[in-house]
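> Have a look at this one.
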Amino acid sequence: MKGNTYTICYAAILGTVCALLLTGVAVFTKSFQEINEAAEKNRNIFTAVSLDYNPDASSEELMDIFKKNIEEKSSADKVVDIFKEKISGKGTPDELAVSFAEELEGKKFADGIVAIFKETYSADLAKKELIETFKQNLTSLDDEYPELTLYRYHDADDKTLAVALDFGGPGLWGPIKGILALEPDLRTIKGITFYEQEETPGIGGEIVKDKFRNGFLGKKIVDADGKAGISIKTNISNPADNEIDGVTRATMTCDKVADMLNVVIEKIVK
Amino acid sequence: MADSKGSMTCGGMCGGKGIETFKEGAWANNPIAIQVLGICSALAVTSKLSNSLVMGVALLFVCVGSNLFVSLLRNRTPHRIRMIAEVAIIATFVILFDQILKAFFPAMSKQLGPYVGLIITNCIVMGRAEAFALQNPPLLSMIDGVANGVGYGVVLAAIGFFRELFGTGEVMGYKLLSESWYTPNQVISSAPGAFIALGILIAIFNAVKGPDPEESK
C-alpha cells in the first residue's frame, strides 16, 4: 500500500523536524548553559581559595561574587602590561624591541611575542588602539597561549588573600580538571578542588573527597632545596613538605594528578 | 488491552473512557508497582524526594508529548519503521527537557546526572507509545501518558520520601526525625535501600489491590 518512497520521505521529514526542533532548543539555551558552566567553575575557585559563599546562590549571583572578589589575570595580561610600559617610554622602535625582549627572556613563546611587538609597533596607530591590536595579535600566537591564568582573590582593600589557577590533564579514564589555590607567597597550598573527573568510583574517584583534598592544605609546592614539584604517595610515615598523602589503591590516578599539578607548579615557580 | 479496540472517535464516550484509561495507567496497571517497568531510574534517583519529583515530572512530560505525537502520526507512520519513529519522537522530548533543565536548574541537572537522558530508553515511555498511542486517538493517548507519568511519579515520590526520611532524618530540608532518638540509616540512602524500599512498596501495593484475577484462575 505504502511504497518504499513513502517510507523514506516519511523518515526524512520526521528526522528533519526533530533535528530542527532540537537545534532551536540548543541555540536558545546555550547562553544560559554557558553561564551555568562558568558559575560552576567559579564555585570551585571559591571553594579552593576558601571564600565563604551561599551554596544556593544563583549563577548570576556567583558571577557577581566573582567580579567583586577575584581578579583574573593571564600571563598574556602581564605581557600587555609590559607592552604598555614600553610604548610609553622613549627610544627608537628597535631599542624598545630589544628591551622588550630582555624582559621576556627565558619565557616560552618569547620570540613570537617579540615578533608581534615589532609588527604591532610599526603600525601607525594611536596608543590605545595599539594596545588593543597587540592584545588581538597575541591571541593568534599559539593554541597553548596564554599558558597560565591566575585568579587573584583579594579583600575590599585589594590585599591578596590567595591565588588560584586551573590545572588539568588526562586521568585514568578521562580528563581531570580542577583548581589549585596558593597562599599569597605562591609556595604554600591553600586548597584544591576537582570539578571534572571520571575516575573509578570509590577508588580514584575518592580524590574529590575532603579527606584527600585536605591532605594538600599547608603543603609546599617546592622541596627543601627550592626545587619545584610535589609528589603524591601512600603509606608515608614521615612526609616531607611537598609530599601529599594519596589514596590507597588509586596509585594511577594519584600519579596522574601529581603530574598535571607539577606542570602548573613549574610554571608558577618560574 | 481489550478496551483499546473501542471506537476511534472521541464522542460522548470520551469522558468515561478517559477516566477508565487514567485509572488503568495510574493504578490498576501502575508502571512501576504492577508492571515493574522503568525501575532502573526509580532505584537510582530516589535517594531524595526533590530528585524523585523532578524525575516524575520529566517522565510525565515525555510520556504525554510522545504519546500525543505518536498518536497524531499513527495513521501516517509506515508500519516497518514505526519503532524508529517512536524513538525519534521520544528522544526529541527527552533532550528538550534535559536541555531546559541544564539551562535553568543546573544544580538539579547535575544531581540527576545521566538519568534524564536515559528516559529515552525507559520502557514505560516506549511501551505506552507502542501499546497504546499507536491504536488510540490523540486525546485519549495524552490521558494515558498523564496516567502513566503520574503513576510513575507518585511511586517515585513515595520511595524518595521514605528513603530521604529514614536515610537522613529530614525531607526537603525539614527535620522530621530528631537525632535525639533516631540515627539516620545510611543503608536506606544507598543502593540496597532502594531495592528494599521498592520491594516493600510493591508488596503494599499488591496487598491493597488484591490478588490478580487472571493469576488466581
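Just remember, in the C-alpha cells the first chain shown is A, the second B, etc., residues are 1-based per chain, and ligands are 1-based in the order shown.
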For chain B, work out the contacting residues on chain A at 6 Å, counting only C-alpha atoms, and write them as an NGL selection string.

:A and (7 or 29 or 32-33)

> Save out the residues we just selected, C-alpha atoms, as a PDB file, in the first residue's frame.


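Result written to out-v4.pdb:
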ATOM      1  CA  THR A   7       8.745   5.349   3.913  1.00  0.00           C
ATOM      2  CA  THR A  29      19.507  27.515  25.958  1.00  0.00           C
ATOM      3  CA  PHE A  32      22.147  30.027  29.939  1.00  0.00           C
ATOM      4  CA  GLN A  33      24.125  26.821  29.964  1.00  0.00           C
TER       5      GLN A  33
END

> Which residues, written as a list in words, have at least one atom at most 12 Å from A:Gly226, with only C-alpha atoms counted and residues fewer than 3 positions away on the same chain left out?

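Counting only C-alpha atoms, the residues come to Arg187, Lys220, Ile221, Val222, Asp223, Gly229, Ile230, Asp241, Asn242, Glu266, Val269 and Lys270 of chain A.
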
> Looking only at the backbone, which of the residues in stretch 131-195 of chain B does DSSP tag as helix (DSSP H, G or I), as an MDAnalysis selection string?

chainID B and resid 131:133 138:168 186:189 191:195

> Go ahead and dump the residues you just picked, C-alpha atoms, as a PDB file, in the first residue's frame.


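Resulting contents of result-v9.pdb:
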ATOM      1  CA  ALA B 131       0.875  -0.433  23.154  1.00  0.00           C
ATOM      2  CA  PHE B 132      -1.483   2.487  23.465  1.00  0.00           C
ATOM      3  CA  ALA B 133      -0.771   5.563  21.349  1.00  0.00           C
ATOM      4  CA  PRO B 138      -4.601  11.754  20.461  1.00  0.00           C
ATOM      5  CA  LEU B 139      -6.647  12.955  23.439  1.00  0.00           C
ATOM      6  CA  LEU B 140      -7.029   9.505  24.922  1.00  0.00           C
ATOM      7  CA  SER B 141      -3.317   8.856  24.350  1.00  0.00           C
ATOM      8  CA  MET B 142      -2.449  12.021  26.203  1.00  0.00           C
ATOM      9  CA  ILE B 143      -4.615  10.910  29.125  1.00  0.00           C
ATOM     10  CA  ASP B 144      -2.792   7.588  29.080  1.00  0.00           C
ATOM     11  CA  GLY B 145       0.512   9.487  29.113  1.00  0.00           C
ATOM     12  CA  VAL B 146      -0.589  11.583  32.080  1.00  0.00           C
ATOM     13  CA  ALA B 147      -1.806   8.477  33.892  1.00  0.00           C
ATOM     14  CA  ASN B 148       1.445   6.617  33.457  1.00  0.00           C
ATOM     15  CA  GLY B 149       3.508   9.684  34.261  1.00  0.00           C
ATOM     16  CA  VAL B 150       1.523  10.252  37.461  1.00  0.00           C
ATOM     17  CA  GLY B 151       1.645   6.559  38.309  1.00  0.00           C
ATOM     18  CA  TYR B 152       5.424   6.592  37.930  1.00  0.00           C
ATOM     19  CA  GLY B 153       5.888   9.951  39.665  1.00  0.00           C
ATOM     20  CA  VAL B 154       3.772   9.097  42.709  1.00  0.00           C
ATOM     21  CA  VAL B 155       5.560   5.807  43.306  1.00  0.00           C
ATOM     22  CA  LEU B 156       8.941   7.529  42.879  1.00  0.00           C
ATOM     23  CA  ALA B 157       7.927  10.312  45.232  1.00  0.00           C
ATOM     24  CA  ALA B 158       6.796   7.768  47.831  1.00  0.00           C
ATOM     25  CA  ILE B 159      10.098   5.889  47.627  1.00  0.00           C
ATOM     26  CA  GLY B 160      12.024   9.157  47.614  1.00  0.00           C
ATOM     27  CA  PHE B 161      10.128  10.447  50.642  1.00  0.00           C
ATOM     28  CA  PHE B 162      10.772   7.381  52.779  1.00  0.00           C
ATOM     29  CA  ARG B 163      14.381   6.957  51.672  1.00  0.00           C
ATOM     30  CA  GLU B 164      15.196  10.583  52.415  1.00  0.00           C
ATOM     31  CA  LEU B 165      13.295  10.439  55.704  1.00  0.00           C
ATOM     32  CA  PHE B 166      14.968   7.308  57.057  1.00  0.00           C
ATOM     33  CA  GLY B 167      18.282   7.916  55.337  1.00  0.00           C
ATOM     34  CA  THR B 168      18.880  11.472  56.550  1.00  0.00           C
ATOM     35  CA  GLN B 186      22.850   5.234  55.591  1.00  0.00           C
ATOM     36  CA  VAL B 187      21.840   1.904  54.083  1.00  0.00           C
ATOM     37  CA  ILE B 188      18.467   3.375  53.115  1.00  0.00           C
ATOM     38  CA  SER B 189      20.219   6.178  51.219  1.00  0.00           C
ATOM     39  CA  ALA B 191      21.627   1.304  46.619  1.00  0.00           C
ATOM     40  CA  PRO B 192      20.370  -1.601  48.768  1.00  0.00           C
ATOM     41  CA  GLY B 193      17.912   0.745  50.445  1.00  0.00           C
ATOM     42  CA  ALA B 194      16.344   1.464  47.080  1.00  0.00           C
ATOM     43  CA  PHE B 195      15.649  -2.225  46.463  1.00  0.00           C
TER      44      PHE B 195
END

> Just checking: using only C-alpha atoms, which residue out of A:Glu61, A:Asp255, A:Glu85, A:Glu119 ends up closest to A:Glu103?

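Of all the options, A:Glu85 lies closest to A:Glu103.
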
> Pull the strand (DSSP E) assignments for stretch 4-179 of chain A out of DSSP run on the backbone, and list those residues as a ChimeraX atom specification.

/A:70-74,149-154,160-170,175-179

> Those residues you just picked out, can you put them in a file as a short mmCIF file (atom, residue, chain, number, x, y, z; two decimals), in the first residue's frame with C-alpha atoms?


data_model
loop_
_atom_site.label_atom_id
_atom_site.label_comp_id
_atom_site.auth_asym_id
_atom_site.auth_seq_id
_atom_site.Cartn_x
_atom_site.Cartn_y
_atom_site.Cartn_z
CA ILE A 70 38.50 37.74 42.18
CA GLU A 71 40.74 39.35 39.63
CA GLU A 72 41.50 37.29 36.60
CA LYS A 73 44.93 37.76 35.16
CA SER A 74 46.53 35.66 32.47
CA THR A 149 45.59 32.25 34.03
CA LEU A 150 45.70 33.36 37.65
CA TYR A 151 42.68 34.15 39.77
CA ARG A 152 43.70 36.57 42.49
CA TYR A 153 41.36 36.54 45.48
CA HIS A 154 41.51 39.91 47.23
CA THR A 160 45.82 39.47 48.07
CA LEU A 161 44.37 36.63 50.12
CA ALA A 162 45.06 33.77 47.75
CA VAL A 163 45.89 32.97 44.17
CA ALA A 164 44.11 30.21 42.28
CA LEU A 165 44.90 28.62 38.95
CA ASP A 166 43.48 26.00 36.64
CA PHE A 167 45.08 22.65 36.17
CA GLY A 168 44.05 19.67 34.15
CA GLY A 169 45.18 16.68 32.19
CA PRO A 170 44.41 13.08 31.42
CA PRO A 175 40.12 14.16 31.67
CA ILE A 176 40.59 15.60 35.14
CA LYS A 177 40.18 19.33 35.70
CA GLY A 178 40.50 21.30 38.87
CA ILE A 179 41.56 24.44 40.67
#

> Can you work out which one of A:Lys209, A:Arg249, A:Lys227, A:Lys135 has the shortest atom-to-atom distance to A:Ile265, counting only C-alpha atoms?

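Closest residue, counting only C-alpha atoms: A:Lys227.
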
> A:Ile232: which residues within 12 Å, counting only C-alpha atoms, same-chain residues fewer than 6 positions away excluded, as a ChimeraX atom specification?

/A:207,212-213,215-216,219,221,239-248,250-262
